[in-house]
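Worksheet: one structure, shown below.
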Amino acid sequence: PQHGAVLQVHDLHVNYGKVEALHGVSLQVEAGQIVTVIGPNGAGKTTLLSAIQGVLPLRGGHVAYHGESLAAISLEARVGRGMVLVPERRELFSSMNVEDNLTLGAYARYRRGERRFAADLDRVYDRFPRLRERRRQLAGTLSGGEQQMLAIGRALMAKPKLLMLDEPSLGLAPIIVREIFQILESLRAEGVTMLLVEQNARAALQVSNYAYVLETGEVSLQGPAGELAQNEAVAASYLGTR
Ligand code: ATP
């Protein structure tokens, strides 16, 4: 087992122009865990992941990865160190085929001089046999679930140590959601630490070790995922009726 915090976010403030979207968010992700941020539309979940990854600038606060400040670390260098984001709309290259999309996931490694990715491709295909069958199919013609698998597979090609996923269940049928979350659990078992953002609180809390509730740019509640799932306010607002 691994120990220690992979990610520490302290008092994060992020603005869009003059409007502040995150008002001092702090959170921590321990090695080997799945940590989830749940919360309603517009709470700032996507903003949070974008700021951690370095896509958006911080107006205040700081982010540390394995204890080291990321302030001076470029987006590409973060990917090189294993911080990999699977964005909400998946951002696949729709007119390229499955295999080319996967290969592009190894771009940061290629830039560092690595040239051999065949074994990694094989491992992704073993995990997602449907992608192997469809390796020559254009990404834009895949089903929603297959596109999410491709987005995760592409992230795995970057050899993530901290995998951040923005709404991996978005728009997917329940059976596919279950499949995706099983994959996340198997990745955790292999040592990948994850920070997940989800509106599907029920599915997310089931697989998570720890969770935060983000509301209008602030953390309103946090705790072990099993405890949050039992919390009445969380149940009323985010778990719906059974
Ligand atoms: P959703 O689940 O709907 O994506 P979210 O929790 O991810 O919601 P964000 O997308 O992070 O929320 O948005 C947080 C707030 O920041 C919202 O009020 C949103 O309107 C605003 N916002 C997001 N992106 C921008 C932008 N590019 N310019 C201006 N405001 C933005």
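Each chain of the structure tokens is named A, B, ... in the order shown, its residues numbered from 1; ligands are numbered from 1 in display order.
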Taking only C-alpha atoms and all ligand atoms into account, which residues have an atom no farther than 8 Å from ligand 1? I'd like them as a PDB file with N, CA, C and O atoms, in the first residue's frame.
ATOM      1  N   TYR A  16     -13.462  33.861 -13.033  1.00  0.00           N
ATOM      2  CA  TYR A  16     -13.703  34.087 -14.458  1.00  0.00           C
ATOM      3  C   TYR A  16     -13.898  35.591 -14.589  1.00  0.00           C
ATOM      4  O   TYR A  16     -14.931  36.112 -14.156  1.00  0.00           O
ATOM      5  N   GLY A  17     -12.915  36.288 -15.080  1.00  0.00           N
ATOM      6  CA  GLY A  17     -12.997  37.746 -15.095  1.00  0.00           C
ATOM      7  C   GLY A  17     -13.096  38.241 -13.674  1.00  0.00           C
ATOM      8  O   GLY A  17     -12.271  37.912 -12.826  1.00  0.00           O
ATOM      9  N   VAL A  19     -15.639  37.651 -11.743  1.00  0.00           N
ATOM     10  CA  VAL A  19     -16.520  36.789 -10.953  1.00  0.00           C
ATOM     11  C   VAL A  19     -15.717  35.641 -10.353  1.00  0.00           C
ATOM     12  O   VAL A  19     -15.064  34.880 -11.073  1.00  0.00           O
ATOM     13  N   GLU A  20     -15.784  35.513  -9.034  1.00  0.00           N
ATOM     14  CA  GLU A  20     -15.067  34.421  -8.384  1.00  0.00           C
ATOM     15  C   GLU A  20     -15.916  33.152  -8.416  1.00  0.00           C
ATOM     16  O   GLU A  20     -17.056  33.151  -7.956  1.00  0.00           O
ATOM     17  N   ALA A  21     -15.349  32.080  -8.966  1.00  0.00           N
ATOM     18  CA  ALA A  21     -16.092  30.816  -9.073  1.00  0.00           C
ATOM     19  C   ALA A  21     -15.757  29.862  -7.927  1.00  0.00           C
ATOM     20  O   ALA A  21     -16.595  29.077  -7.504  1.00  0.00           O
ATOM     21  N   LEU A  22     -14.532  29.907  -7.423  1.00  0.00           N
ATOM     22  CA  LEU A  22     -14.154  29.092  -6.254  1.00  0.00           C
ATOM     23  C   LEU A  22     -13.690  30.025  -5.142  1.00  0.00           C
ATOM     24  O   LEU A  22     -12.814  30.868  -5.349  1.00  0.00           O
ATOM     25  N   GLY A  39     -21.771  17.536  -6.152  1.00  0.00           N
ATOM     26  CA  GLY A  39     -22.350  18.870  -6.054  1.00  0.00           C
ATOM     27  C   GLY A  39     -23.196  19.166  -7.271  1.00  0.00           C
ATOM     28  O   GLY A  39     -23.068  18.500  -8.294  1.00  0.00           O
ATOM     29  N   PRO A  40     -24.051  20.183  -7.156  1.00  0.00           N
ATOM     30  CA  PRO A  40     -25.006  20.472  -8.233  1.00  0.00           C
ATOM     31  C   PRO A  40     -24.327  21.132  -9.431  1.00  0.00           C
ATOM     32  O   PRO A  40     -23.168  21.528  -9.374  1.00  0.00           O
ATOM     33  N   ASN A  41     -25.108  21.273 -10.504  1.00  0.00           N
ATOM     34  CA  ASN A  41     -24.702  22.030 -11.682  1.00  0.00           C
ATOM     35  C   ASN A  41     -24.185  23.392 -11.304  1.00  0.00           C
ATOM     36  O   ASN A  41     -24.809  24.094 -10.520  1.00  0.00           O
ATOM     37  N   GLY A  42     -23.037  23.764 -11.851  1.00  0.00           N
ATOM     38  CA  GLY A  42     -22.562  25.124 -11.655  1.00  0.00           C
ATOM     39  C   GLY A  42     -21.865  25.358 -10.330  1.00  0.00           C
ATOM     40  O   GLY A  42     -21.480  26.487 -10.022  1.00  0.00           O
ATOM     41  N   ALA A  43     -21.662  24.311  -9.528  1.00  0.00           N
ATOM     42  CA  ALA A  43     -21.028  24.484  -8.214  1.00  0.00           C
ATOM     43  C   ALA A  43     -19.551  24.835  -8.344  1.00  0.00           C
ATOM     44  O   ALA A  43     -18.963  25.403  -7.420  1.00  0.00           O
ATOM     45  N   GLY A  44     -18.956  24.484  -9.480  1.00  0.00           N
ATOM     46  CA  GLY A  44     -17.535  24.786  -9.682  1.00  0.00           C
ATOM     47  C   GLY A  44     -16.672  23.544  -9.786  1.00  0.00           C
ATOM     48  O   GLY A  44     -15.446  23.625  -9.688  1.00  0.00           O
ATOM     49  N   LYS A  45     -17.286  22.393 -10.030  1.00  0.00           N
ATOM     50  CA  LYS A  45     -16.535  21.136 -10.045  1.00  0.00           C
ATOM     51  C   LYS A  45     -15.541  21.087 -11.216  1.00  0.00           C
ATOM     52  O   LYS A  45     -14.386  20.718 -11.041  1.00  0.00           O
ATOM     53  N   THR A  46     -16.024  21.468 -12.396  1.00  0.00           N
ATOM     54  CA  THR A  46     -15.142  21.477 -13.563  1.00  0.00           C
ATOM     55  C   THR A  46     -14.039  22.514 -13.392  1.00  0.00           C
ATOM     56  O   THR A  46     -12.868  22.268 -13.704  1.00  0.00           O
ATOM     57  N   THR A  47     -14.420  23.664 -12.849  1.00  0.00           N
ATOM     58  CA  THR A  47     -13.451  24.730 -12.584  1.00  0.00           C
ATOM     59  C   THR A  47     -12.345  24.222 -11.663  1.00  0.00           C
ATOM     60  O   THR A  47     -11.162  24.494 -11.879  1.00  0.00           O
ATOM     61  N   LEU A  48     -12.731  23.475 -10.632  1.00  0.00           N
ATOM     62  CA  LEU A  48     -11.767  22.935  -9.673  1.00  0.00           C
ATOM     63  C   LEU A  48     -10.743  22.031 -10.361  1.00  0.00           C
ATOM     64  O   LEU A  48      -9.533  22.191 -10.180  1.00  0.00           O
ATOM     65  N   GLU A  88     -14.664  16.563 -19.178  1.00  0.00           N
ATOM     66  CA  GLU A  88     -16.086  16.234 -19.154  1.00  0.00           C
ATOM     67  C   GLU A  88     -16.642  15.841 -20.527  1.00  0.00           C
ATOM     68  O   GLU A  88     -17.352  14.861 -20.648  1.00  0.00           O
ATOM     69  N   ASP A 166     -13.704  14.065 -14.895  1.00  0.00           N
ATOM     70  CA  ASP A 166     -14.824  15.003 -14.802  1.00  0.00           C
ATOM     71  C   ASP A 166     -16.082  14.326 -15.323  1.00  0.00           C
ATOM     72  O   ASP A 166     -16.206  14.094 -16.530  1.00  0.00           O
ATOM     73  N   GLU A 167     -16.979  13.977 -14.433  1.00  0.00           N
ATOM     74  CA  GLU A 167     -18.276  13.388 -14.778  1.00  0.00           C
ATOM     75  C   GLU A 167     -18.178  12.200 -15.732  1.00  0.00           C
ATOM     76  O   GLU A 167     -18.774  12.215 -16.816  1.00  0.00           O
ATOM     77  N   VAL A 197     -15.056  13.915 -10.161  1.00  0.00           N
ATOM     78  CA  VAL A 197     -16.110  14.904 -10.013  1.00  0.00           C
ATOM     79  C   VAL A 197     -17.374  14.282 -10.587  1.00  0.00           C
ATOM     80  O   VAL A 197     -17.333  13.719 -11.676  1.00  0.00           O
ATOM     81  N   GLU A 198     -18.454  14.303  -9.829  1.00  0.00           N
ATOM     82  CA  GLU A 198     -19.641  13.575 -10.278  1.00  0.00           C
ATOM     83  C   GLU A 198     -20.943  14.234  -9.848  1.00  0.00           C
ATOM     84  O   GLU A 198     -21.053  14.763  -8.746  1.00  0.00           O
ATOM     85  N   GLN A 199     -21.932  14.189 -10.737  1.00  0.00           N
ATOM     86  CA  GLN A 199     -23.292  14.528 -10.311  1.00  0.00           C
ATOM     87  C   GLN A 199     -24.042  13.277  -9.886  1.00  0.00           C
ATOM     88  O   GLN A 199     -25.016  13.357  -9.135  1.00  0.00           O
ATOM     89  N   LEU A 214     -19.376  20.112  -2.912  1.00  0.00           N
ATOM     90  CA  LEU A 214     -19.056  21.466  -3.348  1.00  0.00           C
ATOM     91  C   LEU A 214     -20.359  22.166  -3.729  1.00  0.00           C
ATOM     92  O   LEU A 214     -21.125  21.664  -4.545  1.00  0.00           O
ATOM     93  N   THR A 216     -21.864  26.114  -4.708  1.00  0.00           N
ATOM     94  CA  THR A 216     -21.523  27.495  -5.060  1.00  0.00           C
ATOM     95  C   THR A 216     -20.079  27.861  -4.683  1.00  0.00           C
ATOM     96  O   THR A 216     -19.830  28.855  -4.003  1.00  0.00           O
ATOM     97  N   GLY A 217     -19.166  27.053  -5.155  1.00  0.00           N
ATOM     98  CA  GLY A 217     -17.754  27.387  -5.047  1.00  0.00           C
ATOM     99  C   GLY A 217     -17.126  27.183  -3.689  1.00  0.00           C
ATOM    100  O   GLY A 217     -15.998  27.611  -3.450  1.00  0.00           O
TER     101      GLY A 217
END
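For Arg112 in chain A, the list of residues within 12 Å, based on only C-alpha atoms and with local chain neighbours fewer than 6 positions off taken out, reads Glu76, Ala77, Val79, Gly80, Arg81, Ala106 and Ala158 of chain A.
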Do a neighbour search on Leu27 in chain A at 10 Å with only C-alpha atoms, toss out local chain neighbours closer than 3 positions, and write the hits as an mmCIF file with all heavy atoms, in the first residue's frame.
data_model
loop_
_atom_site.group_PDB
_atom_site.id
_atom_site.type_symbol
_atom_site.label_atom_id
_atom_site.label_comp_id
_atom_site.auth_asym_id
_atom_site.auth_seq_id
_atom_site.Cartn_x
_atom_site.Cartn_y
_atom_site.Cartn_z
ATOM 1 N N LEU A 7 -2.261 14.664 -3.506
ATOM 2 C CA LEU A 7 -2.695 16.012 -3.902
ATOM 3 C C LEU A 7 -3.183 16.775 -2.675
ATOM 4 O O LEU A 7 -3.964 16.243 -1.881
ATOM 5 C CB LEU A 7 -3.826 15.908 -4.923
ATOM 6 C CG LEU A 7 -4.331 17.232 -5.503
ATOM 7 C CD1 LEU A 7 -3.315 17.801 -6.491
ATOM 8 C CD2 LEU A 7 -5.683 17.056 -6.182
ATOM 9 N N GLN A 8 -2.685 17.987 -2.534
ATOM 10 C CA GLN A 8 -3.168 18.875 -1.471
ATOM 11 C C GLN A 8 -3.543 20.211 -2.097
ATOM 12 O O GLN A 8 -2.708 20.872 -2.715
ATOM 13 C CB GLN A 8 -2.080 19.095 -0.419
ATOM 14 C CG GLN A 8 -1.873 17.883 0.480
ATOM 15 C CD GLN A 8 -0.588 17.990 1.264
ATOM 16 O OE1 GLN A 8 0.476 18.126 0.687
ATOM 17 N NE2 GLN A 8 -0.702 17.939 2.587
ATOM 18 N N VAL A 9 -4.803 20.557 -1.941
ATOM 19 C CA VAL A 9 -5.312 21.818 -2.477
ATOM 20 C C VAL A 9 -5.653 22.684 -1.281
ATOM 21 O O VAL A 9 -6.387 22.252 -0.384
ATOM 22 C CB VAL A 9 -6.578 21.561 -3.325
ATOM 23 C CG1 VAL A 9 -7.221 22.875 -3.754
ATOM 24 C CG2 VAL A 9 -6.237 20.702 -4.541
ATOM 25 N N HIS A 10 -5.084 23.884 -1.238
ATOM 26 C CA HIS A 10 -5.290 24.734 -0.073
ATOM 27 C C HIS A 10 -5.835 26.102 -0.466
ATOM 28 O O HIS A 10 -5.206 26.822 -1.241
ATOM 29 C CB HIS A 10 -3.979 24.888 0.708
ATOM 30 C CG HIS A 10 -4.117 25.766 1.913
ATOM 31 N ND1 HIS A 10 -4.824 25.375 3.039
ATOM 32 C CD2 HIS A 10 -3.685 27.022 2.146
ATOM 33 C CE1 HIS A 10 -4.808 26.358 3.917
ATOM 34 N NE2 HIS A 10 -4.131 27.369 3.399
ATOM 35 N N ASP A 11 -7.026 26.422 0.034
ATOM 36 C CA ASP A 11 -7.604 27.770 -0.073
ATOM 37 C C ASP A 11 -7.618 28.289 -1.517
ATOM 38 O O ASP A 11 -7.223 29.420 -1.792
ATOM 39 C CB ASP A 11 -6.813 28.727 0.837
ATOM 40 C CG ASP A 11 -7.578 30.027 1.098
ATOM 41 O OD1 ASP A 11 -8.820 30.004 1.017
ATOM 42 O OD2 ASP A 11 -6.926 31.053 1.358
ATOM 43 N N LEU A 12 -8.094 27.447 -2.405
ATOM 44 C CA LEU A 12 -8.069 27.771 -3.839
ATOM 45 C C LEU A 12 -9.148 28.797 -4.207
ATOM 46 O O LEU A 12 -10.329 28.618 -3.908
ATOM 47 C CB LEU A 12 -8.323 26.475 -4.621
ATOM 48 C CG LEU A 12 -7.859 26.425 -6.059
ATOM 49 C CD1 LEU A 12 -6.345 26.449 -6.118
ATOM 50 C CD2 LEU A 12 -8.379 25.150 -6.709
ATOM 51 N N VAL A 35 -11.186 9.751 -4.401
ATOM 52 C CA VAL A 35 -11.840 10.865 -3.710
ATOM 53 C C VAL A 35 -12.788 11.528 -4.697
ATOM 54 O O VAL A 35 -12.417 11.761 -5.857
ATOM 55 C CB VAL A 35 -10.799 11.875 -3.182
ATOM 56 C CG1 VAL A 35 -11.479 13.120 -2.636
ATOM 57 C CG2 VAL A 35 -9.932 11.222 -2.110
ATOM 58 N N VAL A 37 -15.705 14.591 -5.608
ATOM 59 C CA VAL A 37 -16.359 15.864 -5.337
ATOM 60 C C VAL A 37 -17.742 15.787 -5.971
ATOM 61 O O VAL A 37 -17.862 15.620 -7.184
ATOM 62 C CB VAL A 37 -15.572 17.045 -5.934
ATOM 63 C CG1 VAL A 37 -16.315 18.355 -5.694
ATOM 64 C CG2 VAL A 37 -14.165 17.102 -5.334
ATOM 65 N N VAL A 63 -1.603 24.550 -4.810
ATOM 66 C CA VAL A 63 -1.813 23.138 -5.090
ATOM 67 C C VAL A 63 -0.459 22.447 -4.986
ATOM 68 O O VAL A 63 0.525 22.912 -5.565
ATOM 69 C CB VAL A 63 -2.383 22.932 -6.514
ATOM 70 C CG1 VAL A 63 -2.611 21.452 -6.787
ATOM 71 C CG2 VAL A 63 -3.678 23.711 -6.705
ATOM 72 N N ALA A 211 -15.127 11.869 0.360
ATOM 73 C CA ALA A 211 -15.872 12.732 -0.565
ATOM 74 C C ALA A 211 -16.059 14.132 0.001
ATOM 75 O O ALA A 211 -16.054 14.340 1.222
ATOM 76 C CB ALA A 211 -17.233 12.112 -0.890
ATOM 77 N N TYR A 212 -16.198 15.052 -0.916
ATOM 78 C CA TYR A 212 -16.465 16.457 -0.601
ATOM 79 C C TYR A 212 -17.741 16.863 -1.311
ATOM 80 O O TYR A 212 -17.989 16.435 -2.437
ATOM 81 C CB TYR A 212 -15.328 17.355 -1.104
ATOM 82 C CG TYR A 212 -14.009 17.110 -0.418
ATOM 83 C CD1 TYR A 212 -13.167 16.081 -0.841
ATOM 84 C CD2 TYR A 212 -13.594 17.904 0.645
ATOM 85 C CE1 TYR A 212 -11.956 15.846 -0.215
ATOM 86 C CE2 TYR A 212 -12.390 17.671 1.282
ATOM 87 C CZ TYR A 212 -11.567 16.645 0.843
ATOM 88 O OH TYR A 212 -10.362 16.421 1.469
ATOM 89 N N VAL A 219 -16.650 24.229 -0.234
ATOM 90 C CA VAL A 219 -16.889 22.900 0.326
ATOM 91 C C VAL A 219 -17.859 23.058 1.494
ATOM 92 O O VAL A 219 -17.567 23.757 2.469
ATOM 93 C CB VAL A 219 -15.578 22.249 0.800
ATOM 94 C CG1 VAL A 219 -15.867 20.948 1.552
ATOM 95 C CG2 VAL A 219 -14.660 21.978 -0.383
ATOM 96 N N GLN A 222 -17.774 17.360 4.144
ATOM 97 C CA GLN A 222 -16.805 16.359 3.697
ATOM 98 C C GLN A 222 -16.777 15.217 4.690
ATOM 99 O O GLN A 222 -17.200 15.365 5.837
ATOM 100 C CB GLN A 222 -15.410 16.976 3.575
ATOM 101 C CG GLN A 222 -14.877 17.544 4.873
ATOM 102 C CD GLN A 222 -13.425 18.002 4.714
ATOM 103 O OE1 GLN A 222 -12.533 17.185 4.566
ATOM 104 N NE2 GLN A 222 -13.223 19.298 4.763
#
Quiz item: Among range 61-182 of chain A, which ones does DSSP place in strand (DSSP E), written as a ChimeraX atom specification?
Solution: /A:61-65,68-69,83-86,162-166
Since we have the selection now, will you write its residues out, keeping N, CA, C and O atoms, as a tab-separated table (two decimals), in the first residue's frame?
chain	number	residue	atom	x	y	z
A	61	GLY	N	-4.36	30.83	-3.24
A	61	GLY	CA	-4.24	29.47	-2.73
A	61	GLY	C	-3.13	28.71	-3.44
A	61	GLY	O	-2.42	29.27	-4.28
A	62	HIS	N	-2.97	27.44	-3.08
A	62	HIS	CA	-1.95	26.66	-3.77
A	62	HIS	C	-2.29	25.19	-3.89
A	62	HIS	O	-3.14	24.67	-3.16
A	63	VAL	N	-1.60	24.55	-4.81
A	63	VAL	CA	-1.81	23.14	-5.09
A	63	VAL	C	-0.46	22.45	-4.99
A	63	VAL	O	0.52	22.91	-5.56
A	64	ALA	N	-0.42	21.36	-4.23
A	64	ALA	CA	0.82	20.58	-4.11
A	64	ALA	C	0.55	19.15	-4.57
A	64	ALA	O	-0.51	18.58	-4.29
A	65	TYR	N	1.52	18.60	-5.29
A	65	TYR	CA	1.44	17.24	-5.82
A	65	TYR	C	2.62	16.47	-5.25
A	65	TYR	O	3.77	16.89	-5.43
A	68	GLU	N	4.94	18.72	-3.45
A	68	GLU	CA	5.68	19.75	-4.17
A	68	GLU	C	4.72	20.75	-4.80
A	68	GLU	O	3.74	20.36	-5.44
A	69	SER	N	5.00	22.05	-4.60
A	69	SER	CA	4.12	23.07	-5.17
A	69	SER	C	4.11	22.98	-6.69
A	69	SER	O	5.15	22.77	-7.32
A	83	MET	N	-0.08	13.56	-13.65
A	83	MET	CA	-1.39	14.19	-13.38
A	83	MET	C	-2.16	14.25	-14.69
A	83	MET	O	-1.81	15.02	-15.58
A	84	VAL	N	-3.18	13.43	-14.80
A	84	VAL	CA	-3.87	13.31	-16.09
A	84	VAL	C	-5.37	13.52	-15.89
A	84	VAL	O	-5.99	12.90	-15.03
A	85	LEU	N	-5.92	14.43	-16.70
A	85	LEU	CA	-7.34	14.78	-16.60
A	85	LEU	C	-8.12	14.15	-17.75
A	85	LEU	O	-7.71	14.24	-18.91
A	86	VAL	N	-9.24	13.52	-17.41
A	86	VAL	CA	-10.20	13.06	-18.41
A	86	VAL	C	-11.34	14.08	-18.41
A	86	VAL	O	-12.15	14.09	-17.49
A	162	LEU	N	-2.03	10.23	-10.71
A	162	LEU	CA	-3.27	10.86	-10.23
A	162	LEU	C	-4.16	11.06	-11.44
A	162	LEU	O	-3.87	11.88	-12.31
A	163	LEU	N	-5.24	10.27	-11.49
A	163	LEU	CA	-6.18	10.36	-12.60
A	163	LEU	C	-7.37	11.20	-12.14
A	163	LEU	O	-8.01	10.88	-11.14
A	164	MET	N	-7.64	12.29	-12.86
A	164	MET	CA	-8.77	13.14	-12.50
A	164	MET	C	-9.84	12.98	-13.58
A	164	MET	O	-9.54	13.10	-14.77
A	165	LEU	N	-11.06	12.70	-13.14
A	165	LEU	CA	-12.13	12.43	-14.09
A	165	LEU	C	-13.30	13.37	-13.84
A	165	LEU	O	-13.82	13.44	-12.73
A	166	ASP	N	-13.70	14.07	-14.90
A	166	ASP	CA	-14.82	15.00	-14.80
A	166	ASP	C	-16.08	14.33	-15.32
A	166	ASP	O	-16.21	14.09	-16.53
Quiz item: What lies within 10 Å of Leu131 in chain A using only C-alpha atoms, ignoring chain neighbours under 6 positions off, as an MDAnalysis selection string?
Solution: chainID A and resid 98:99 102 124:125 137 139 142 146:147 149:150 153
For those residues, write all heavy atoms to a file as a compact mmCIF listing (two decimals), in the first residue's frame.
# COMPACT_ATOMS: atom_id res chain seq x y z
N VAL A 98 -9.78 5.11 -33.18
CA VAL A 98 -9.59 4.77 -31.78
C VAL A 98 -8.09 4.68 -31.44
O VAL A 98 -7.61 5.28 -30.47
CB VAL A 98 -10.31 3.43 -31.47
CG1 VAL A 98 -9.85 2.83 -30.15
CG2 VAL A 98 -11.82 3.65 -31.47
N GLU A 99 -7.36 3.94 -32.26
CA GLU A 99 -5.95 3.71 -31.93
C GLU A 99 -5.13 5.00 -31.98
O GLU A 99 -4.25 5.21 -31.14
CB GLU A 99 -5.36 2.65 -32.87
CG GLU A 99 -3.96 2.23 -32.44
CD GLU A 99 -3.67 0.79 -32.76
OE1 GLU A 99 -4.49 -0.09 -32.42
OE2 GLU A 99 -2.61 0.53 -33.37
N LEU A 102 -5.75 6.87 -28.84
CA LEU A 102 -5.01 6.26 -27.71
C LEU A 102 -3.54 6.65 -27.78
O LEU A 102 -2.94 7.04 -26.77
CB LEU A 102 -5.15 4.73 -27.75
CG LEU A 102 -6.52 4.17 -27.36
CD1 LEU A 102 -6.55 2.66 -27.58
CD2 LEU A 102 -6.86 4.51 -25.90
N VAL A 124 -4.26 -1.49 -22.60
CA VAL A 124 -5.53 -0.76 -22.67
C VAL A 124 -6.59 -1.62 -23.38
O VAL A 124 -7.74 -1.70 -22.95
CB VAL A 124 -5.35 0.60 -23.40
CG1 VAL A 124 -6.70 1.24 -23.70
CG2 VAL A 124 -4.50 1.54 -22.54
N TYR A 125 -6.17 -2.29 -24.45
CA TYR A 125 -7.12 -3.13 -25.18
C TYR A 125 -7.57 -4.33 -24.34
O TYR A 125 -8.69 -4.80 -24.46
CB TYR A 125 -6.51 -3.61 -26.50
CG TYR A 125 -6.41 -2.55 -27.57
CD1 TYR A 125 -5.31 -2.49 -28.42
CD2 TYR A 125 -7.44 -1.62 -27.74
CE1 TYR A 125 -5.23 -1.53 -29.41
CE2 TYR A 125 -7.36 -0.65 -28.72
CZ TYR A 125 -6.25 -0.60 -29.56
OH TYR A 125 -6.18 0.35 -30.54
N GLN A 137 -12.04 2.24 -35.98
CA GLN A 137 -13.28 3.03 -36.12
C GLN A 137 -13.03 4.47 -35.68
O GLN A 137 -12.27 4.73 -34.74
CB GLN A 137 -14.37 2.39 -35.25
CG GLN A 137 -15.74 3.02 -35.44
CD GLN A 137 -16.82 2.23 -34.69
OE1 GLN A 137 -16.74 0.99 -34.59
NE2 GLN A 137 -17.81 2.94 -34.17
N ALA A 139 -13.43 7.83 -33.80
CA ALA A 139 -13.89 8.05 -32.43
C ALA A 139 -15.29 8.68 -32.39
O ALA A 139 -16.10 8.36 -31.53
CB ALA A 139 -12.89 8.94 -31.69
N LEU A 142 -18.30 6.30 -32.18
CA LEU A 142 -18.48 5.38 -31.04
C LEU A 142 -19.71 5.76 -30.23
O LEU A 142 -20.13 6.92 -30.25
CB LEU A 142 -17.25 5.44 -30.12
CG LEU A 142 -15.90 5.02 -30.67
CD1 LEU A 142 -14.81 5.34 -29.66
CD2 LEU A 142 -15.89 3.53 -31.03
N GLU A 146 -18.58 3.88 -25.15
CA GLU A 146 -17.30 3.57 -25.78
C GLU A 146 -16.39 4.80 -25.82
O GLU A 146 -15.17 4.69 -25.63
CB GLU A 146 -17.53 3.05 -27.21
CG GLU A 146 -18.14 1.65 -27.24
CD GLU A 146 -18.82 1.32 -28.57
OE1 GLU A 146 -18.87 2.19 -29.47
OE2 GLU A 146 -19.32 0.19 -28.69
N GLN A 147 -16.99 5.98 -26.02
CA GLN A 147 -16.18 7.21 -26.02
C GLN A 147 -15.59 7.46 -24.64
O GLN A 147 -14.44 7.90 -24.52
CB GLN A 147 -17.03 8.40 -26.46
CG GLN A 147 -17.36 8.34 -27.94
CD GLN A 147 -17.95 9.64 -28.48
OE1 GLN A 147 -17.90 10.68 -27.84
NE2 GLN A 147 -18.53 9.55 -29.67
N MET A 149 -14.88 5.14 -22.45
CA MET A 149 -13.80 4.15 -22.30
C MET A 149 -12.56 4.60 -23.06
O MET A 149 -11.43 4.45 -22.56
CB MET A 149 -14.27 2.78 -22.82
CG MET A 149 -15.33 2.16 -21.93
SD MET A 149 -16.01 0.65 -22.65
CE MET A 149 -17.44 0.44 -21.57
N LEU A 150 -12.76 5.16 -24.25
CA LEU A 150 -11.62 5.64 -25.03
C LEU A 150 -10.94 6.80 -24.31
O LEU A 150 -9.70 6.87 -24.26
CB LEU A 150 -12.09 6.07 -26.43
CG LEU A 150 -11.01 6.65 -27.36
CD1 LEU A 150 -9.82 5.70 -27.51
CD2 LEU A 150 -11.61 6.96 -28.74
N GLY A 153 -9.02 5.24 -21.57
CA GLY A 153 -7.89 4.51 -22.16
C GLY A 153 -6.79 5.45 -22.62
O GLY A 153 -5.60 5.20 -22.40
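Restricting the calculation to only C-alpha atoms, the smallest distance between Asn15 in chain A and any of A:Ala51, A:Ala118, A:Met96, A:Leu172 is found for A:Ala51.
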Practice problem: Among the residues of range 2-201 of chain A, find those DSSP assigns to alpha helix (DSSP H) from the backbone and print them as JSON, numbers by chain. | Solution: {"A": [45, 46, 47, 48, 49, 50, 51, 52, 53, 75, 76, 77, 78, 79, 80, 98, 99, 100, 101, 102, 103, 104, 107, 108, 109, 110, 111, 118, 119, 120, 121, 122, 123, 124, 125, 126, 127, 129, 130, 131, 132, 133, 144, 145, 146, 147, 148, 149, 150, 151, 152, 153, 154, 155, 156, 174, 175, 176, 177, 178, 179, 180, 181, 182, 183, 184, 185, 186, 187, 188, 189, 201]}
Exercise. With a distance cut-off of 9 Å and only C-alpha atoms, select the neighbouring residues of Met157 in chain A, excluding the residue or stretch itself and same-chain residues fewer than 5 positions from it, and output the selection as a list in words.
Key: Leu102, Thr103, Leu104, Gly105, Ala106, Tyr107, Arg109, Phe117, Asp120, Leu121, Val124 and Ile152 of chain A
Exercise. Tell me which protein, DNA and RNA residues are within 9 Å of Val6 in chain A, counting only C-alpha atoms, leaving out same-chain ones fewer than 4 positions away, and put them as a list in words.
Key: Gln28, Val29, Glu30, Ala31, Gly32, Ala64, Tyr65, His66, Gly67, Lys161, Leu162 and Thr193 of chain A
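Closest to Ala151 in chain A among A:Glu227, A:Glu185, A:Glu91, A:Glu215 is A:Glu91, based on only C-alpha atoms.
Across A:Asn101, A:Ser169, A:Asn209, A:Ser237, the tightest approach to Gln148 in chain A is made by A:Ser169 when counting only C-alpha atoms.
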Quiz prompt | For CA of Ile175 in chain A and CA of Gly145 in chain A, the interatomic separation in Å (one decimal) | solution = 9.8 Å
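Minimum atom-to-atom distance to Arg127 in chain A, evaluated using only C-alpha atoms, belongs to A:Ile180 out of A:Leu49, A:Ala173, A:Ile180, A:Leu56.
The gap separating CA of Lys159 in chain A from CA of Arg178 in chain A is 23.4 Å, in Å to one decimal.
Nearest-residue note for Ser186 in chain A: choosing from A:Ile34, A:Ala108, A:Leu228, A:Ile52, the minimum distance belongs to A:Ile34, counting only C-alpha atoms.
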